[in-house]
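The file structure-v4.pdb contains PDB, C-alpha atoms, pLDDT in the B column:
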```
ATOM      1  CA  MET A   1       2.759   3.577  10.327  1.00 60.00           C
ATOM      2  CA  ILE A   2      -0.900   3.359   9.408  1.00 71.00           C
ATOM      3  CA  ASN A   3      -2.798   0.942   7.162  1.00 89.00           C
ATOM      4  CA  THR A   4      -5.426   2.374   4.831  1.00 92.00           C
ATOM      5  CA  ILE A   5      -6.964   1.894   1.388  1.00 95.00           C
ATOM      6  CA  ALA A   6      -5.818   3.986  -1.583  1.00 97.00           C
ATOM      7  CA  ASP A   7      -6.949   4.322  -5.172  1.00 97.00           C
ATOM      8  CA  LEU A   8      -4.331   3.347  -7.764  1.00 98.00           C
ATOM      9  CA  ASP A   9      -4.700   6.791  -9.348  1.00 97.00           C
ATOM     10  CA  GLU A  10      -3.445   8.385  -6.102  1.00 97.00           C
ATOM     11  CA  ILE A  11      -0.197   6.366  -6.084  1.00 98.00           C
ATOM     12  CA  SER A  12       2.829   7.124  -8.231  1.00 98.00           C
ATOM     13  CA  TRP A  13       5.214   4.288  -9.109  1.00 97.00           C
ATOM     14  CA  GLU A  14       7.349   2.976 -11.917  1.00 97.00           C
ATOM     15  CA  PRO A  15       5.534  -0.043 -13.397  1.00 96.00           C
ATOM     16  CA  GLU A  16       7.401  -3.331 -13.193  1.00 97.00           C
ATOM     17  CA  ASP A  17       6.483  -6.626 -14.856  1.00 97.00           C
ATOM     18  CA  PRO A  18       4.628  -8.617 -12.185  1.00 97.00           C
ATOM     19  CA  GLY A  19       4.644 -11.905 -14.070  1.00 97.00           C
ATOM     20  CA  GLU A  20       1.635 -14.117 -14.670  1.00 98.00           C
ATOM     21  CA  GLU A  21       2.036 -15.983 -11.367  1.00 98.00           C
ATOM     22  CA  LEU A  22       1.661 -12.821  -9.257  1.00 97.00           C
ATOM     23  CA  ILE A  23      -1.249 -11.556 -11.361  1.00 98.00           C
ATOM     24  CA  GLU A  24      -3.035 -14.886 -10.927  1.00 98.00           C
ATOM     25  CA  SER A  25      -2.327 -14.955  -7.184  1.00 97.00           C
ATOM     26  CA  ILE A  26      -3.659 -11.425  -6.637  1.00 97.00           C
ATOM     27  CA  HIS A  27      -6.681 -12.205  -8.811  1.00 97.00           C
ATOM     28  CA  LYS A  28      -7.527 -15.208  -6.618  1.00 97.00           C
ATOM     29  CA  ARG A  29      -6.501 -13.943  -3.163  1.00 95.00           C
ATOM     30  CA  GLY A  30      -6.031 -10.171  -3.351  1.00 94.00           C
ATOM     31  CA  ILE A  31      -2.987  -8.402  -1.944  1.00 92.00           C
ATOM     32  CA  ALA A  32      -1.815 -10.254   1.169  1.00 90.00           C
ATOM     33  CA  ILE A  33       0.789  -7.679   2.248  1.00 93.00           C
ATOM     34  CA  PRO A  34      -0.058  -3.959   2.009  1.00 95.00           C
ATOM     35  CA  VAL A  35       1.985  -1.882  -0.412  1.00 97.00           C
ATOM     36  CA  HIS A  36       4.376   0.474   1.407  1.00 96.00           C
ATOM     37  CA  VAL A  37       3.907   4.121   0.445  1.00 97.00           C
ATOM     38  CA  ASN A  38       4.881   7.580   1.625  1.00 95.00           C
ATOM     39  CA  ARG A  39       2.191  10.249   1.791  1.00 93.00           C
ATOM     40  CA  THR A  40       2.938  13.443  -0.142  1.00 93.00           C
ATOM     41  CA  ASP A  41       1.031  16.656  -0.830  1.00 92.00           C
ATOM     42  CA  TYR A  42      -0.123  15.099  -4.109  1.00 93.00           C
ATOM     43  CA  GLY A  43      -1.056  11.573  -3.030  1.00 94.00           C
ATOM     44  CA  TYR A  44       1.263   8.647  -2.372  1.00 97.00           C
ATOM     45  CA  VAL A  45       4.641   7.441  -3.636  1.00 97.00           C
ATOM     46  CA  CYS A  46       5.353   3.710  -3.698  1.00 97.00           C
ATOM     47  CA  VAL A  47       8.265   2.640  -1.496  1.00 96.00           C
ATOM     48  CA  ASP A  48       7.766  -1.124  -1.895  1.00 97.00           C
ATOM     49  CA  GLY A  49       5.257  -3.009  -4.022  1.00 97.00           C
ATOM     50  CA  ARG A  50       5.645  -1.877  -7.655  1.00 98.00           C
ATOM     51  CA  LYS A  51       4.885  -5.371  -8.991  1.00 98.00           C
ATOM     52  CA  ARG A  52       1.755  -5.670  -6.846  1.00 98.00           C
ATOM     53  CA  LEU A  53       0.544  -2.248  -7.990  1.00 98.00           C
ATOM     54  CA  THR A  54       1.217  -3.076 -11.641  1.00 98.00           C
ATOM     55  CA  ALA A  55      -0.651  -6.378 -11.272  1.00 98.00           C
ATOM     56  CA  CYS A  56      -3.618  -4.539  -9.762  1.00 98.00           C
ATOM     57  CA  ARG A  57      -3.554  -1.984 -12.603  1.00 98.00           C
ATOM     58  CA  ILE A  58      -3.721  -4.857 -15.124  1.00 98.00           C
ATOM     59  CA  LEU A  59      -6.546  -6.560 -13.215  1.00 98.00           C
ATOM     60  CA  ALA A  60      -8.460  -3.288 -12.710  1.00 98.00           C
ATOM     61  CA  ALA A  61      -8.841  -2.964 -16.481  1.00 97.00           C
ATOM     62  CA  GLU A  62     -11.390  -5.798 -16.280  1.00 96.00           C
ATOM     63  CA  ASP A  63     -12.491  -5.656 -12.634  1.00 97.00           C
ATOM     64  CA  PRO A  64     -12.763  -2.238 -10.939  1.00 97.00           C
ATOM     65  CA  SER A  65     -12.488  -3.823  -7.482  1.00 96.00           C
ATOM     66  CA  PHE A  66      -8.708  -3.986  -8.023  1.00 97.00           C
ATOM     67  CA  GLN A  67      -8.572  -0.179  -8.385  1.00 98.00           C
ATOM     68  CA  LYS A  68      -8.323   0.192  -4.598  1.00 97.00           C
ATOM     69  CA  VAL A  69      -5.432  -1.397  -2.711  1.00 97.00           C
ATOM     70  CA  ALA A  70      -4.307  -1.792   0.879  1.00 95.00           C
ATOM     71  CA  VAL A  71      -1.350   0.447   1.680  1.00 96.00           C
ATOM     72  CA  MET A  72       0.836   1.048   4.701  1.00 95.00           C
ATOM     73  CA  LEU A  73       1.806   4.689   5.222  1.00 93.00           C
ATOM     74  CA  MET A  74       5.481   4.539   6.079  1.00 92.00           C
ATOM     75  CA  ASN A  75       5.926   8.231   6.883  1.00 88.00           C
ATOM     76  CA  ASP A  76       2.851   8.810   9.073  1.00 78.00           C
ATOM     77  CA  TYR A  77       3.671   8.610  12.763  1.00 70.00           C
ATOM     78  CA  SER A  78       0.569  10.425  13.994  1.00 68.00           C
ATOM     79  CA  LYS A  79      -0.321   7.507  16.300  1.00 63.00           C
ATOM     80  CA  ALA A  80       3.216   6.802  17.475  1.00 58.00           C
ATOM     81  CA  GLY A  81       2.944   8.679  20.774  1.00 53.00           C
ATOM     82  CA  SER A  82       3.152   6.955  24.141  1.00 48.00           C
ATOM     83  CA  ALA A  83      -0.640   6.583  24.347  1.00 50.00           C
ATOM     84  CA  TYR A  84      -0.564   4.625  21.097  1.00 50.00           C
ATOM     85  CA  TRP A  85       1.656   2.014  22.758  1.00 52.00           C
ATOM     86  CA  GLY A  86      -0.721   1.701  25.706  1.00 53.00           C
ATOM     87  CA  ASN A  87       1.517   3.710  27.993  1.00 50.00           C
ATOM     88  CA  THR A  88       0.240   7.117  29.026  1.00 51.00           C
ATOM     89  CA  LEU A  89       3.177   7.902  31.303  1.00 51.00           C
ATOM     90  CA  ASN A  90       6.872   7.937  30.532  1.00 49.00           C
ATOM     91  CA  HIS A  91       8.462   5.271  32.765  1.00 46.00           C
ATOM     92  CA  HIS A  92      12.123   5.544  31.705  1.00 48.00           C
TER      93      HIS A  92
END
```
Would you mind writing the structure in this file as structure tokens?
Amino acid sequence: MINTIADLDEISWEPEDPGEELIESIHKRGIAIPVHVNRTDYGYVCVDGRKRLTACRILAAEDPSFQKVAVMLMNDYSKAGSAYWGNTLNHH
């Protein structure tokens, strides 16, 4: 799993009502927990975080800084080898 920044236009999701409380919280503090996505050939698909993404879409209409969000790539294991875990030899 890898954390990165993605543009809202690169992520597909079904919008869900975030509620005023979440919109206000994200407006004040930003997204505290990255949205979970899977990488595809065409961008990203939301796995978890539809309300956060919808809140950012609403906020981005007035403030473009909300157009980019922190995401965690759930299907990217490119750094999951033994060297990634600080172990260059297999010690089973």
Dump as JSON lines the rows for residues of segment 20-40 of chain A within 12 Å of segment 2-8 of chain A: closest atom pair and distance in Å with one decimal, all atoms listed in the file counted, ordered by chain and rising residue number.
```
{"residue": "A:Ile31", "atom": "CA", "partner": "A:Ile5", "partner_atom": "CA", "distance": 11.5}
{"residue": "A:Ile33", "atom": "CA", "partner": "A:Asn3", "partner_atom": "CA", "distance": 10.6}
{"residue": "A:Pro34", "atom": "CA", "partner": "A:Asn3", "partner_atom": "CA", "distance": 7.6}
{"residue": "A:Val35", "atom": "CA", "partner": "A:Asn3", "partner_atom": "CA", "distance": 9.4}
{"residue": "A:His36", "atom": "CA", "partner": "A:Asn3", "partner_atom": "CA", "distance": 9.2}
{"residue": "A:Val37", "atom": "CA", "partner": "A:Ala6", "partner_atom": "CA", "distance": 9.9}
{"residue": "A:Asn38", "atom": "CA", "partner": "A:Ile2", "partner_atom": "CA", "distance": 10.6}
{"residue": "A:Arg39", "atom": "CA", "partner": "A:Ala6", "partner_atom": "CA", "distance": 10.7}
```
Give me the residues within 7 Å of segment 41-58 of chain A as a PyMOL selection string, counting all atoms listed in the file and dropping any in the same chain fewer than 5 places off. chain A and resi 10-18+23+35-36+66-67
Generate a file of the selected residues that holds C-alpha atoms, formatted as a compact mmCIF listing (two decimals), in the frame of the given file.
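Result saved to again-v7.txt:
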```
# COMPACT_ATOMS: atom_id res chain seq x y z
CA GLU A 10 -3.44 8.38 -6.10
CA ILE A 11 -0.20 6.37 -6.08
CA SER A 12 2.83 7.12 -8.23
CA TRP A 13 5.21 4.29 -9.11
CA GLU A 14 7.35 2.98 -11.92
CA PRO A 15 5.53 -0.04 -13.40
CA GLU A 16 7.40 -3.33 -13.19
CA ASP A 17 6.48 -6.63 -14.86
CA PRO A 18 4.63 -8.62 -12.18
CA ILE A 23 -1.25 -11.56 -11.36
CA VAL A 35 1.98 -1.88 -0.41
CA HIS A 36 4.38 0.47 1.41
CA PHE A 66 -8.71 -3.99 -8.02
CA GLN A 67 -8.57 -0.18 -8.38
```
Which centre and edge lengths in Å to one decimal define the box along x, y and z that fits every listed atom of segment 37-46 of chain A plus 4 Å per side, as lines of an AutoDock Vina configuration file?
```
center_x = 2.1
center_y = 10.2
center_z = -1.2
size_x = 14.4
size_y = 20.9
size_z = 13.9
```
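You will find atom CA of Lys28 of chain A at 15.7 Å from atom CA of Ala70 of chain A.
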How many Å separate atom CA of Val69 of chain A from atom CA of Ala32 of chain A?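 Calculated distance between atom CA of Val69 of chain A and atom CA of Ala32 of chain A is 10.3 Å.
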Using Å and a single decimal, report how far atom CA of Thr40 of chain A sits from atom CA of Leu73 of chain A.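 So the two atoms, atom CA of Leu73 of chain A and atom CA of Thr40 of chain A, lie 10.3 Å apart.
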